[in-house]
Amino acid sequence: MVSKKWLGLGLMAIFAVATIISLAMGHSFSGVDEIVNVEINQLSIAAGAGERDPFINTDQGNLLLFLFLLSGLVVGFYLGYQWRGIFGKTEERL
Amino acid sequence: MHIAEGILPTQWWLTYSGVAAVLVAKGLVDYQKKSEKWPMFKQLTGVLTAGVFIISLMPIPVPGLGSSSHPGGTPLAAILMGPTVVAPMSAVALLFQALFLAHGGLTTLGANTLTLALFGGLVGYLVFRLSQRSGLSLFACGALAGFLGDLAIYMGTSLQLALAIHGDANIIKVFVGTLMTYMPTQFPLAILEGAFTGMVLKYVATHRPDILQSLGVIKSDHYSKKPGEVSENGQ
């Protein structure tokens, strides 16, 4: 009988190969949210609304990169501060 | 399931945001109570919120269809943390996605929170509890909850959109049309989310059953403390 580990790896390999073949066939893998939003936008405009740019547009130069760096820094420090609370004291784990 | 910025008319995003605010407030009260009982609850909430942020953003391609989508993550979060606490967790995850990645939006934050927390989280939680009562294994309970919770998320979004912007068109027609656009991509991912949810629960039950016991996911007398002697019964 095939072990669960090999079954999982086999399924992942099939999935990876199928994805590569799909890419080679020119599939763009656009997000289903975007597809629905584009389709639904006409109804939305008719209802008096409609898709618009985000209120805070972070797509400007390296702003997004900077914000991620800043967030990583803040979260990293907080995680470090709470380390023992999350993972326990070192002597307890030994 | 992320409804983009501006899609919802004002009265509808205000309505959805109002309902979501009540749910988030209830979640915060429950979070406070649980944290007082068990201090580690706070850290676990933080870690799982980060998990929901990543899982509900991660695009997974569906070979053959040429489209991609993402799981929800809230069925698992609701099973572990409770069906109400998942509301503030979802709101925080979605707020960061809207601010940093323009995925979703601020006016649609309430609607998207309802989708993830109420439809995904609550449905997942209820399915899990019902499955436990029927005596299924922990993996099967989690898998069913993850699968149906994931589908519920997209049914929720379709319902919200149909209610808000059907205009002169038939609500049911808009609902079914939207749902059918989601389903071909989402159905395989719902199966994946089910397997993921079941496997995570089984893994934690095997290696750290005390966490599941502390969270009330399983009863203490059904699980041995030794990893190798864990009962299959999810109750």
# chains A, B, ... in the order shown; residues from 1 in each chain; ligands from 1
call {"tool": "residues_around", "arguments": {"residues": "region 36-47 of chain A", "least_positions_apart": "3", "cutoff": "8 Å", "atoms": "only C-alpha atoms", "output": "PyMOL selection string"}}
result
(chain A and resi 32-33+50-51) or (chain B and resi 3-4+7-9+165-167+178+181-182)
call {"tool": "write_last_selection", "arguments": {"atoms": "all heavy atoms", "output": "JSON list (two decimals), in the first residue's frame"}}
result
[["chain", "number", "residue", "atom", "x", "y", "z"],
["A", 32, "VAL", "N", -10.08, 34.58, -9.52],
["A", 32, "VAL", "CA", -11.53, 34.48, -9.75],
["A", 32, "VAL", "C", -12.26, 35.70, -9.18],
["A", 32, "VAL", "O", -13.29, 36.12, -9.69],
["A", 32, "VAL", "CB", -12.08, 33.14, -9.19],
["A", 32, "VAL", "CG1", -12.19, 33.16, -7.69],
["A", 32, "VAL", "CG2", -13.41, 32.80, -9.82],
["A", 33, "ASP", "N", -11.68, 36.32, -8.13],
["A", 33, "ASP", "CA", -12.26, 37.55, -7.58],
["A", 33, "ASP", "C", -12.28, 38.65, -8.64],
["A", 33, "ASP", "O", -13.27, 39.37, -8.79],
["A", 33, "ASP", "CB", -11.44, 38.05, -6.38],
["A", 33, "ASP", "CG", -11.73, 37.24, -5.12],
["A", 33, "ASP", "OD1", -12.74, 36.51, -5.11],
["A", 33, "ASP", "OD2", -10.96, 37.35, -4.16],
["A", 50, "GLY", "N", -19.77, 51.26, -8.47],
["A", 50, "GLY", "CA", -18.79, 50.91, -9.50],
["A", 50, "GLY", "C", -17.39, 50.87, -8.94],
["A", 50, "GLY", "O", -17.07, 51.64, -8.04],
["A", 51, "GLU", "N", -16.61, 49.93, -9.47],
["A", 51, "GLU", "CA", -15.25, 49.75, -8.95],
["A", 51, "GLU", "C", -14.44, 51.04, -9.11],
["A", 51, "GLU", "O", -14.53, 51.72, -10.12],
["A", 51, "GLU", "CB", -14.57, 48.60, -9.69],
["A", 51, "GLU", "CG", -13.31, 48.11, -9.00],
["A", 51, "GLU", "CD", -12.75, 46.83, -9.61],
["A", 51, "GLU", "OE1", -13.34, 46.31, -10.58],
["A", 51, "GLU", "OE2", -11.73, 46.36, -9.12],
["B", 3, "ILE", "N", -14.68, 41.49, -2.29],
["B", 3, "ILE", "CA", -15.42, 42.45, -3.11],
["B", 3, "ILE", "C", -14.57, 43.71, -3.19],
["B", 3, "ILE", "O", -14.12, 44.23, -2.16],
["B", 3, "ILE", "CB", -16.80, 42.75, -2.50],
["B", 3, "ILE", "CG1", -17.61, 41.46, -2.36],
["B", 3, "ILE", "CG2", -17.56, 43.77, -3.36],
["B", 3, "ILE", "CD1", -18.95, 41.63, -1.66],
["B", 4, "ALA", "N", -14.36, 44.18, -4.42],
["B", 4, "ALA", "CA", -13.43, 45.30, -4.62],
["B", 4, "ALA", "C", -14.02, 46.62, -4.13],
["B", 4, "ALA", "O", -15.23, 46.76, -3.95],
["B", 4, "ALA", "CB", -13.08, 45.40, -6.10],
["B", 7, "ILE", "N", -17.57, 48.69, -5.33],
["B", 7, "ILE", "CA", -18.59, 47.85, -5.97],
["B", 7, "ILE", "C", -19.96, 48.00, -5.30],
["B", 7, "ILE", "O", -20.99, 47.98, -5.96],
["B", 7, "ILE", "CB", -18.14, 46.35, -5.95],
["B", 7, "ILE", "CG1", -16.99, 46.12, -6.94],
["B", 7, "ILE", "CG2", -19.30, 45.42, -6.24],
["B", 7, "ILE", "CD1", -17.39, 45.97, -8.39],
["B", 8, "LEU", "N", -19.97, 48.16, -3.98],
["B", 8, "LEU", "CA", -21.25, 48.18, -3.27],
["B", 8, "LEU", "C", -21.81, 49.60, -3.15],
["B", 8, "LEU", "O", -21.07, 50.52, -2.77],
["B", 8, "LEU", "CB", -21.08, 47.58, -1.86],
["B", 8, "LEU", "CG", -20.66, 46.11, -1.79],
["B", 8, "LEU", "CD1", -20.38, 45.71, -0.35],
["B", 8, "LEU", "CD2", -21.73, 45.21, -2.39],
["B", 9, "PRO", "N", -23.10, 49.79, -3.44],
["B", 9, "PRO", "CA", -23.73, 51.10, -3.23],
["B", 9, "PRO", "C", -23.69, 51.48, -1.74],
["B", 9, "PRO", "O", -23.66, 50.59, -0.88],
["B", 9, "PRO", "CB", -25.18, 50.88, -3.69],
["B", 9, "PRO", "CG", -25.14, 49.66, -4.56],
["B", 9, "PRO", "CD", -24.03, 48.82, -4.03],
["B", 165, "ILE", "N", -26.66, 44.68, -5.68],
["B", 165, "ILE", "CA", -26.56, 45.32, -7.00],
["B", 165, "ILE", "C", -27.35, 44.61, -8.09],
["B", 165, "ILE", "O", -27.02, 44.73, -9.27],
["B", 165, "ILE", "CB", -25.08, 45.46, -7.44],
["B", 165, "ILE", "CG1", -24.40, 44.09, -7.45],
["B", 165, "ILE", "CG2", -24.32, 46.41, -6.57],
["B", 165, "ILE", "CD1", -23.02, 44.12, -8.07],
["B", 166, "HIS", "N", -28.41, 43.90, -7.69],
["B", 166, "HIS", "CA", -29.18, 43.20, -8.72],
["B", 166, "HIS", "C", -29.94, 44.17, -9.63],
["B", 166, "HIS", "O", -30.24, 43.87, -10.78],
["B", 166, "HIS", "CB", -30.14, 42.19, -8.08],
["B", 166, "HIS", "CG", -31.22, 42.82, -7.27],
["B", 166, "HIS", "ND1", -32.44, 43.14, -7.79],
["B", 166, "HIS", "CD2", -31.24, 43.21, -5.98],
["B", 166, "HIS", "CE1", -33.18, 43.69, -6.84],
["B", 166, "HIS", "NE2", -32.49, 43.75, -5.74],
["B", 167, "GLY", "N", -30.25, 45.37, -9.10],
["B", 167, "GLY", "CA", -30.96, 46.37, -9.90],
["B", 167, "GLY", "C", -32.29, 45.85, -10.39],
["B", 167, "GLY", "O", -33.11, 45.38, -9.59],
["B", 178, "THR", "N", -23.45, 34.66, -10.31],
["B", 178, "THR", "CA", -22.19, 34.96, -9.62],
["B", 178, "THR", "C", -21.58, 33.69, -9.04],
["B", 178, "THR", "O", -20.38, 33.44, -9.18],
["B", 178, "THR", "CB", -22.44, 35.98, -8.48],
["B", 178, "THR", "OG1", -23.21, 37.06, -9.00],
["B", 178, "THR", "CG2", -21.14, 36.51, -7.92],
["B", 181, "THR", "N", -19.94, 31.53, -11.52],
["B", 181, "THR", "CA", -18.64, 32.03, -11.98],
["B", 181, "THR", "C", -17.55, 31.60, -11.00],
["B", 181, "THR", "O", -16.43, 31.29, -11.39],
["B", 181, "THR", "CB", -18.66, 33.57, -12.10],
["B", 181, "THR", "OG1", -19.84, 33.96, -12.79],
["B", 181, "THR", "CG2", -17.45, 34.10, -12.84],
["B", 182, "TYR", "N", -17.89, 31.60, -9.72],
["B", 182, "TYR", "CA", -16.91, 31.21, -8.71],
["B", 182, "TYR", "C", -16.64, 29.70, -8.71],
["B", 182, "TYR", "O", -15.51, 29.26, -8.56],
["B", 182, "TYR", "CB", -17.40, 31.56, -7.30],
["B", 182, "TYR", "CG", -17.24, 33.00, -6.88],
["B", 182, "TYR", "CD1", -18.32, 33.74, -6.41],
["B", 182, "TYR", "CD2", -15.99, 33.61, -6.90],
["B", 182, "TYR", "CE1", -18.18, 35.05, -6.00],
["B", 182, "TYR", "CE2", -15.85, 34.93, -6.49],
["B", 182, "TYR", "CZ", -16.94, 35.64, -6.04],
["B", 182, "TYR", "OH", -16.79, 36.93, -5.63]]
call {"tool": "closest_atom_pairs", "arguments": {"of": "chain B", "to": "chain A", "cutoff": "6 Å", "atoms": "only C-alpha atoms", "output": "CSV"}}
result
residue,atom,partner,partner_atom,distance
B:Met1,CA,A:Asp33,CA,6.0
B:Glu5,CA,A:Glu51,CA,5.8
B:Gly6,CA,A:Glu51,CA,4.5
B:Ile7,CA,A:Gly50,CA,4.7
B:Pro9,CA,A:Ala49,CA,5.0
B:Gln43,CA,A:Ile86,CA,5.9
B:Pro61,CA,A:Phe29,CA,5.9
B:Pro63,CA,A:Thr19,CA,4.9
B:Gly66,CA,A:Phe29,CA,4.6
B:Ser67,CA,A:Phe29,CA,3.8
B:Ser68,CA,A:Gly31,CA,4.7
B:Ser69,CA,A:Gly31,CA,5.4
B:Ile165,CA,A:Ser44,CA,5.4
B:Gly167,CA,A:Ala47,CA,5.7
call {"tool": "residues_around", "arguments": {"residues": "Ala93 (chain B)", "least_positions_apart": "6", "cutoff": "8 Å", "atoms": "only C-alpha atoms", "output": "ChimeraX atom specification"}}
result
/B:49-50,52-53
call {"tool": "write_last_selection", "arguments": {"atoms": "N, CA and C atoms", "output": "PDB file, in the first residue's frame"}}
result
ATOM      1  N   THR B  49      -4.466  34.797  13.205  1.00  0.00           N
ATOM      2  CA  THR B  49      -4.877  35.943  12.376  1.00  0.00           C
ATOM      3  C   THR B  49      -3.900  36.101  11.217  1.00  0.00           C
ATOM      4  N   ALA B  50      -2.611  35.950  11.536  1.00  0.00           N
ATOM      5  CA  ALA B  50      -1.601  35.985  10.471  1.00  0.00           C
ATOM      6  C   ALA B  50      -1.855  34.850   9.481  1.00  0.00           C
ATOM      7  N   VAL B  52      -4.796  33.465   8.771  1.00  0.00           N
ATOM      8  CA  VAL B  52      -5.967  33.821   7.950  1.00  0.00           C
ATOM      9  C   VAL B  52      -5.559  34.837   6.881  1.00  0.00           C
ATOM     10  N   PHE B  53      -4.700  35.784   7.274  1.00  0.00           N
ATOM     11  CA  PHE B  53      -4.214  36.796   6.323  1.00  0.00           C
ATOM     12  C   PHE B  53      -3.539  36.124   5.118  1.00  0.00           C
TER      13      PHE B  53
END
call {"tool": "select_by_dssp", "arguments": {"residues": "region 49-82 of chain B", "states": "strand (DSSP E or B)", "output": "compact mmCIF listing (two decimals) with all heavy atoms, in the first residue's frame"}}
result
# COMPACT_ATOMS: atom_id res chain seq x y z
N ILE B 60 -4.10 30.14 -5.57
CA ILE B 60 -3.74 28.78 -5.98
C ILE B 60 -4.30 28.55 -7.38
O ILE B 60 -5.51 28.67 -7.59
CB ILE B 60 -4.30 27.74 -4.99
CG1 ILE B 60 -3.70 27.99 -3.60
CG2 ILE B 60 -4.00 26.32 -5.45
CD1 ILE B 60 -4.28 27.13 -2.51
N PRO B 61 -3.44 28.26 -8.35
CA PRO B 61 -3.93 28.05 -9.71
C PRO B 61 -4.71 26.74 -9.83
O PRO B 61 -4.39 25.76 -9.16
CB PRO B 61 -2.65 28.00 -10.54
CG PRO B 61 -1.58 27.61 -9.59
CD PRO B 61 -1.99 28.10 -8.23
N VAL B 62 -5.73 26.76 -10.65
CA VAL B 62 -6.47 25.53 -10.92
C VAL B 62 -6.15 25.09 -12.34
O VAL B 62 -6.63 25.71 -13.30
CB VAL B 62 -7.99 25.74 -10.73
CG1 VAL B 62 -8.75 24.45 -11.04
CG2 VAL B 62 -8.29 26.18 -9.31
N SER B 67 -7.55 29.69 -14.20
CA SER B 67 -7.84 30.75 -13.23
C SER B 67 -7.31 30.32 -11.86
O SER B 67 -6.90 29.18 -11.68
CB SER B 67 -9.35 31.01 -13.16
OG SER B 67 -10.02 29.80 -12.91
N SER B 68 -7.31 31.27 -10.94
CA SER B 68 -6.81 30.94 -9.61
C SER B 68 -7.75 31.52 -8.56
O SER B 68 -8.52 32.43 -8.84
CB SER B 68 -5.40 31.50 -9.42
OG SER B 68 -5.45 32.91 -9.42
N SER B 69 -7.66 30.97 -7.37
CA SER B 69 -8.44 31.51 -6.26
C SER B 69 -7.73 31.17 -4.96
O SER B 69 -6.63 30.63 -4.99
CB SER B 69 -9.87 30.96 -6.28
OG SER B 69 -10.66 31.66 -5.34
call {"tool": "atom_distance", "arguments": {"atom1": "CA of Leu179 (chain B)", "atom2": "CA of Gly82 (chain B)"}}
result
27.3 Å
call {"tool": "select_by_dssp", "arguments": {"residues": "region 64-104 of chain B", "states": "helix (DSSP H, G or I)", "output": "list of chain:residue names"}}
result
B:Thr74, B:Pro75, B:Leu76, B:Ala77, B:Ala78, B:Ile79, B:Leu80, B:Met81, B:Val86, B:Ala87, B:Pro88, B:Met89, B:Ser90, B:Ala91, B:Val92, B:Ala93, B:Leu94, B:Leu95, B:Phe96, B:Gln97, B:Ala98, B:Leu99, B:Phe100, B:Leu101
call {"tool": "write_last_selection", "arguments": {"atoms": "N, CA and C atoms", "output": "compact mmCIF listing (two decimals), in the first residue's frame"}}
result
# COMPACT_ATOMS: atom_id res chain seq x y z
N THR B 74 -10.85 30.63 7.55
CA THR B 74 -11.66 30.90 8.74
C THR B 74 -12.40 29.69 9.29
N PRO B 75 -12.73 28.67 8.48
CA PRO B 75 -13.33 27.49 9.12
C PRO B 75 -12.40 26.90 10.19
N LEU B 76 -11.13 26.78 9.87
CA LEU B 76 -10.15 26.27 10.84
C LEU B 76 -10.03 27.22 12.03
N ALA B 77 -9.93 28.52 11.73
CA ALA B 77 -9.79 29.51 12.80
C ALA B 77 -10.99 29.48 13.74
N ALA B 78 -12.19 29.31 13.17
CA ALA B 78 -13.41 29.29 13.99
C ALA B 78 -13.48 28.04 14.85
N ILE B 79 -13.03 26.92 14.29
CA ILE B 79 -13.03 25.67 15.07
C ILE B 79 -12.11 25.82 16.28
N LEU B 80 -10.96 26.45 16.06
CA LEU B 80 -9.97 26.57 17.14
C LEU B 80 -10.32 27.69 18.12
N MET B 81 -10.64 28.87 17.60
CA MET B 81 -10.78 30.03 18.47
C MET B 81 -12.23 30.34 18.85
N VAL B 86 -13.46 34.80 15.56
CA VAL B 86 -12.96 34.81 14.18
C VAL B 86 -13.37 36.11 13.45
N ALA B 87 -14.38 36.81 13.97
CA ALA B 87 -14.81 38.06 13.31
C ALA B 87 -13.74 39.16 13.40
N PRO B 88 -13.25 39.51 14.61
CA PRO B 88 -12.16 40.49 14.64
C PRO B 88 -10.90 40.00 13.94
N MET B 89 -10.65 38.70 13.99
CA MET B 89 -9.47 38.16 13.28
C MET B 89 -9.60 38.42 11.78
N SER B 90 -10.78 38.15 11.24
CA SER B 90 -11.01 38.36 9.80
C SER B 90 -10.91 39.85 9.46
N ALA B 91 -11.49 40.68 10.33
CA ALA B 91 -11.49 42.13 10.06
C ALA B 91 -10.06 42.67 9.98
N VAL B 92 -9.21 42.21 10.91
CA VAL B 92 -7.82 42.68 10.92
C VAL B 92 -7.09 42.21 9.66
N ALA B 93 -7.26 40.92 9.34
CA ALA B 93 -6.60 40.36 8.15
C ALA B 93 -7.05 41.10 6.89
N LEU B 94 -8.35 41.34 6.78
CA LEU B 94 -8.89 42.01 5.58
C LEU B 94 -8.49 43.47 5.51
N LEU B 95 -8.36 44.10 6.70
CA LEU B 95 -7.93 45.51 6.71
C LEU B 95 -6.52 45.65 6.14
N PHE B 96 -5.64 44.76 6.57
CA PHE B 96 -4.26 44.80 6.05
C PHE B 96 -4.21 44.48 4.55
N GLN B 97 -5.05 43.53 4.14
CA GLN B 97 -5.09 43.19 2.70
C GLN B 97 -5.59 44.38 1.89
N ALA B 98 -6.57 45.10 2.43
CA ALA B 98 -7.12 46.26 1.71
C ALA B 98 -6.12 47.40 1.66
N LEU B 99 -5.43 47.63 2.79
CA LEU B 99 -4.51 48.76 2.86
C LEU B 99 -3.22 48.52 2.08
N PHE B 100 -2.67 47.33 2.22
CA PHE B 100 -1.36 47.08 1.64
C PHE B 100 -1.41 46.49 0.23
N LEU B 101 -2.48 45.76 -0.06
CA LEU B 101 -2.49 45.02 -1.32
C LEU B 101 -3.65 45.38 -2.24
call {"tool": "closest_residue", "arguments": {"among": "B:Leu161, B:Ala111, B:Leu189, B:Leu144", "to": "Val176 (chain B)", "atoms": "only C-alpha atoms"}}
result
B:Leu161
call {"tool": "residues_around", "arguments": {"residues": "Tyr154 (chain B)", "least_positions_apart": "6", "cutoff": "10 Å", "atoms": "only C-alpha atoms", "output": "number ranges by chain"}}
result
B: 1-2, 72, 115-116, 119-120, 160, 178-180, 182-183, 186-187
call {"tool": "write_last_selection", "arguments": {"atoms": "C-alpha atoms", "output": "PDB file, in the first residue's frame"}}
result
ATOM      1  CA  MET B   1     -14.556  36.537  -2.152  1.00  0.00           C
ATOM      2  CA  HIS B   2     -12.896  39.925  -1.848  1.00  0.00           C
ATOM      3  CA  GLY B  72     -10.614  31.129   3.380  1.00  0.00           C
ATOM      4  CA  THR B 115     -18.275  36.633   4.334  1.00  0.00           C
ATOM      5  CA  LEU B 116     -15.140  35.278   5.954  1.00  0.00           C
ATOM      6  CA  PHE B 119     -20.382  32.447   6.340  1.00  0.00           C
ATOM      7  CA  GLY B 120     -16.989  30.720   6.418  1.00  0.00           C
ATOM      8  CA  GLN B 160     -24.217  39.903  -0.777  1.00  0.00           C
ATOM      9  CA  THR B 178     -22.185  34.962  -9.619  1.00  0.00           C
ATOM     10  CA  LEU B 179     -21.949  31.663  -7.773  1.00  0.00           C
ATOM     11  CA  MET B 180     -21.518  29.738 -11.016  1.00  0.00           C
ATOM     12  CA  TYR B 182     -16.906  31.207  -8.708  1.00  0.00           C
ATOM     13  CA  MET B 183     -17.649  27.504  -8.493  1.00  0.00           C
ATOM     14  CA  GLN B 186     -13.531  27.322  -6.071  1.00  0.00           C
ATOM     15  CA  PHE B 187     -14.838  23.773  -5.846  1.00  0.00           C
TER      16      PHE B 187
END
